[in-house]
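Data first, discussion second: the structure below is written as structure tokens.
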Amino acid sequence: MRIQTLMETDAKAVHEAEEEIFSDAWSEASIKSAARAKGAVCFALFCEERLVGYVLGQEVCGEAELHRIAVLPEERGKGFGDELMREFIRRCEGAAAYTQFLEVRAGNRPALSLYQKYGFFEEGRRTHYYHNPVEDALLLRRQIQET
């Protein structure tokens, strides 16, 4: 297993995973743009040269937003989500982004459990935010003290 900063050459594999996992998949161009963005916190987890998970996020002015965290369905339950979350937090703290945000489908219990495990708490709700199916988005935040 290895985690590496997301390269533009990884965008095709990430897009294919997006198509499999999300009803609102990001385009290959959007993934490349995210990887190039100032403050990008984008990386991928590989096992035997095969992409099994990834994170798309961004840090700006001491805050970070987790846009996507995903593990291929056939690779779930192996601890890869934990690895990705720990790496996201490590990179954010390394960039002095001590406040982290994300949004998640209200009914996504496995994701909510992961986020709560790492200290995220609900800060708000966007009613009927998601489509296919329609569902509320929970706005989560994690705050740590500067060390």
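So you can find residues: chains in the structure tokens are A, B, ... in the order shown, residues in each start at 1, and ligands are numbered from 1 in order.
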Check: Can you list every residue in stretch 17-115 of chain A that DSSP puts in helix (DSSP H, G or I), as a PyMOL selection string?
Finding: chain A and resi 17-21+28-36+73-75+80-94+109-115
Hey, can you spit out that residue selection with N, CA and C atoms as an mmCIF file, in the first residue's frame?
```cif
data_model
loop_
_atom_site.group_PDB
_atom_site.id
_atom_site.type_symbol
_atom_site.label_atom_id
_atom_site.label_comp_id
_atom_site.auth_asym_id
_atom_site.auth_seq_id
_atom_site.Cartn_x
_atom_site.Cartn_y
_atom_site.Cartn_z
ATOM 1 N N ALA A 17 -13.486 5.746 -10.894
ATOM 2 C CA ALA A 17 -13.978 5.426 -9.554
ATOM 3 C C ALA A 17 -15.170 6.314 -9.205
ATOM 4 N N GLU A 18 -15.086 7.597 -9.535
ATOM 5 C CA GLU A 18 -16.195 8.531 -9.301
ATOM 6 C C GLU A 18 -17.475 8.019 -9.960
ATOM 7 N N GLU A 19 -17.362 7.576 -11.194
ATOM 8 C CA GLU A 19 -18.524 7.074 -11.938
ATOM 9 C C GLU A 19 -19.152 5.876 -11.235
ATOM 10 N N GLU A 20 -18.313 5.056 -10.624
ATOM 11 C CA GLU A 20 -18.802 3.861 -9.942
ATOM 12 C C GLU A 20 -19.419 4.178 -8.577
ATOM 13 N N ILE A 21 -18.894 5.207 -7.905
ATOM 14 C CA ILE A 21 -19.243 5.459 -6.511
ATOM 15 C C ILE A 21 -20.312 6.525 -6.329
ATOM 16 N N GLU A 28 -13.179 14.251 -15.424
ATOM 17 C CA GLU A 28 -11.729 14.126 -15.426
ATOM 18 C C GLU A 28 -11.079 15.512 -15.371
ATOM 19 N N ALA A 29 -11.643 16.473 -16.090
ATOM 20 C CA ALA A 29 -11.112 17.844 -16.095
ATOM 21 C C ALA A 29 -11.219 18.474 -14.708
ATOM 22 N N SER A 30 -12.326 18.238 -14.005
ATOM 23 C CA SER A 30 -12.495 18.783 -12.655
ATOM 24 C C SER A 30 -11.490 18.173 -11.688
ATOM 25 N N ILE A 31 -11.209 16.912 -11.842
ATOM 26 C CA ILE A 31 -10.245 16.228 -10.986
ATOM 27 C C ILE A 31 -8.845 16.789 -11.231
ATOM 28 N N LYS A 32 -8.487 16.982 -12.487
ATOM 29 C CA LYS A 32 -7.182 17.581 -12.812
ATOM 30 C C LYS A 32 -7.077 18.981 -12.237
ATOM 31 N N SER A 33 -8.142 19.741 -12.357
ATOM 32 C CA SER A 33 -8.161 21.098 -11.829
ATOM 33 C C SER A 33 -7.976 21.101 -10.319
ATOM 34 N N ALA A 34 -8.638 20.197 -9.634
ATOM 35 C CA ALA A 34 -8.511 20.095 -8.176
ATOM 36 C C ALA A 34 -7.072 19.754 -7.783
ATOM 37 N N ALA A 35 -6.455 18.865 -8.521
ATOM 38 C CA ALA A 35 -5.079 18.450 -8.219
ATOM 39 C C ALA A 35 -4.083 19.588 -8.439
ATOM 40 N N ARG A 36 -4.384 20.494 -9.359
ATOM 41 C CA ARG A 36 -3.498 21.631 -9.670
ATOM 42 C C ARG A 36 -3.763 22.854 -8.802
ATOM 43 N N PRO A 73 -15.765 0.176 -3.954
ATOM 44 C CA PRO A 73 -16.677 -0.699 -3.195
ATOM 45 C C PRO A 73 -16.082 -2.055 -2.816
ATOM 46 N N GLU A 74 -15.354 -2.672 -3.722
ATOM 47 C CA GLU A 74 -14.797 -4.001 -3.433
ATOM 48 C C GLU A 74 -13.623 -3.958 -2.454
ATOM 49 N N GLU A 75 -13.150 -2.760 -2.120
ATOM 50 C CA GLU A 75 -12.023 -2.611 -1.197
ATOM 51 C C GLU A 75 -12.440 -2.083 0.172
ATOM 52 N N PHE A 80 -8.975 1.136 4.577
ATOM 53 C CA PHE A 80 -8.452 2.156 3.666
ATOM 54 C C PHE A 80 -9.063 3.533 3.928
ATOM 55 N N GLY A 81 -10.328 3.585 4.309
ATOM 56 C CA GLY A 81 -10.959 4.860 4.645
ATOM 57 C C GLY A 81 -10.250 5.531 5.814
ATOM 58 N N ASP A 82 -9.891 4.731 6.825
ATOM 59 C CA ASP A 82 -9.126 5.250 7.961
ATOM 60 C C ASP A 82 -7.774 5.793 7.507
ATOM 61 N N GLU A 83 -7.093 5.052 6.648
ATOM 62 C CA GLU A 83 -5.787 5.503 6.139
ATOM 63 C C GLU A 83 -5.918 6.843 5.424
ATOM 64 N N LEU A 84 -6.943 6.956 4.583
ATOM 65 C CA LEU A 84 -7.154 8.199 3.843
ATOM 66 C C LEU A 84 -7.492 9.351 4.782
ATOM 67 N N MET A 85 -8.321 9.111 5.766
ATOM 68 C CA MET A 85 -8.715 10.162 6.704
ATOM 69 C C MET A 85 -7.519 10.624 7.527
ATOM 70 N N ARG A 86 -6.732 9.687 8.011
ATOM 71 C CA ARG A 86 -5.537 10.057 8.785
ATOM 72 C C ARG A 86 -4.578 10.887 7.940
ATOM 73 N N GLU A 87 -4.419 10.506 6.692
ATOM 74 C CA GLU A 87 -3.513 11.245 5.801
ATOM 75 C C GLU A 87 -4.056 12.639 5.514
ATOM 76 N N PHE A 88 -5.366 12.761 5.310
ATOM 77 C CA PHE A 88 -5.965 14.077 5.085
ATOM 78 C C PHE A 88 -5.693 14.986 6.290
ATOM 79 N N ILE A 89 -5.947 14.482 7.485
ATOM 80 C CA ILE A 89 -5.741 15.269 8.702
ATOM 81 C C ILE A 89 -4.263 15.617 8.862
ATOM 82 N N ARG A 90 -3.391 14.669 8.611
ATOM 83 C CA ARG A 90 -1.946 14.912 8.728
ATOM 84 C C ARG A 90 -1.514 16.025 7.782
ATOM 85 N N ARG A 91 -1.976 15.966 6.534
ATOM 86 C CA ARG A 91 -1.594 16.994 5.555
ATOM 87 C C ARG A 91 -2.188 18.350 5.912
ATOM 88 N N CYS A 92 -3.403 18.362 6.398
ATOM 89 C CA CYS A 92 -4.023 19.630 6.801
ATOM 90 C C CYS A 92 -3.268 20.261 7.956
ATOM 91 N N GLU A 93 -2.962 19.466 8.962
ATOM 92 C CA GLU A 93 -2.248 19.999 10.109
ATOM 93 C C GLU A 93 -0.844 20.447 9.720
ATOM 94 N N GLY A 94 -0.223 19.743 8.773
ATOM 95 C CA GLY A 94 1.092 20.150 8.269
ATOM 96 C C GLY A 94 1.048 21.493 7.560
ATOM 97 N N ARG A 109 -24.463 6.468 6.745
ATOM 98 C CA ARG A 109 -24.023 6.060 8.082
ATOM 99 C C ARG A 109 -22.553 5.644 8.154
ATOM 100 N N PRO A 110 -22.041 4.855 7.205
ATOM 101 C CA PRO A 110 -20.620 4.498 7.299
ATOM 102 C C PRO A 110 -19.707 5.720 7.261
ATOM 103 N N ALA A 111 -20.001 6.682 6.388
ATOM 104 C CA ALA A 111 -19.181 7.889 6.305
ATOM 105 C C ALA A 111 -19.306 8.711 7.588
ATOM 106 N N LEU A 112 -20.532 8.877 8.076
ATOM 107 C CA LEU A 112 -20.722 9.636 9.315
ATOM 108 C C LEU A 112 -19.950 9.012 10.475
ATOM 109 N N SER A 113 -19.955 7.717 10.548
ATOM 110 C CA SER A 113 -19.219 7.024 11.603
ATOM 111 C C SER A 113 -17.720 7.307 11.492
ATOM 112 N N LEU A 114 -17.186 7.262 10.285
ATOM 113 C CA LEU A 114 -15.766 7.554 10.059
ATOM 114 C C LEU A 114 -15.451 8.983 10.482
ATOM 115 N N TYR A 115 -16.258 9.929 10.045
ATOM 116 C CA TYR A 115 -15.992 11.332 10.350
ATOM 117 C C TYR A 115 -16.088 11.602 11.852
#
```
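We find atom CA of A:Gln4 and atom CA of A:Val52 to be spaced 12.1 Å apart.
Comparing the minimum interatomic distances between A:Tyr130 and each of A:His15, A:Arg2, A:Arg76, A:Arg105, counting only C-alpha atoms, we find that A:Arg105 sits nearest.
Between atom CA of A:Glu65 and atom CA of A:Ile3 lies a distance of 19.1 Å.
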Checklist line | Separation of atom CA of A:Gln116 from atom CA of A:Leu140 in Å | finding: 9.1 Å
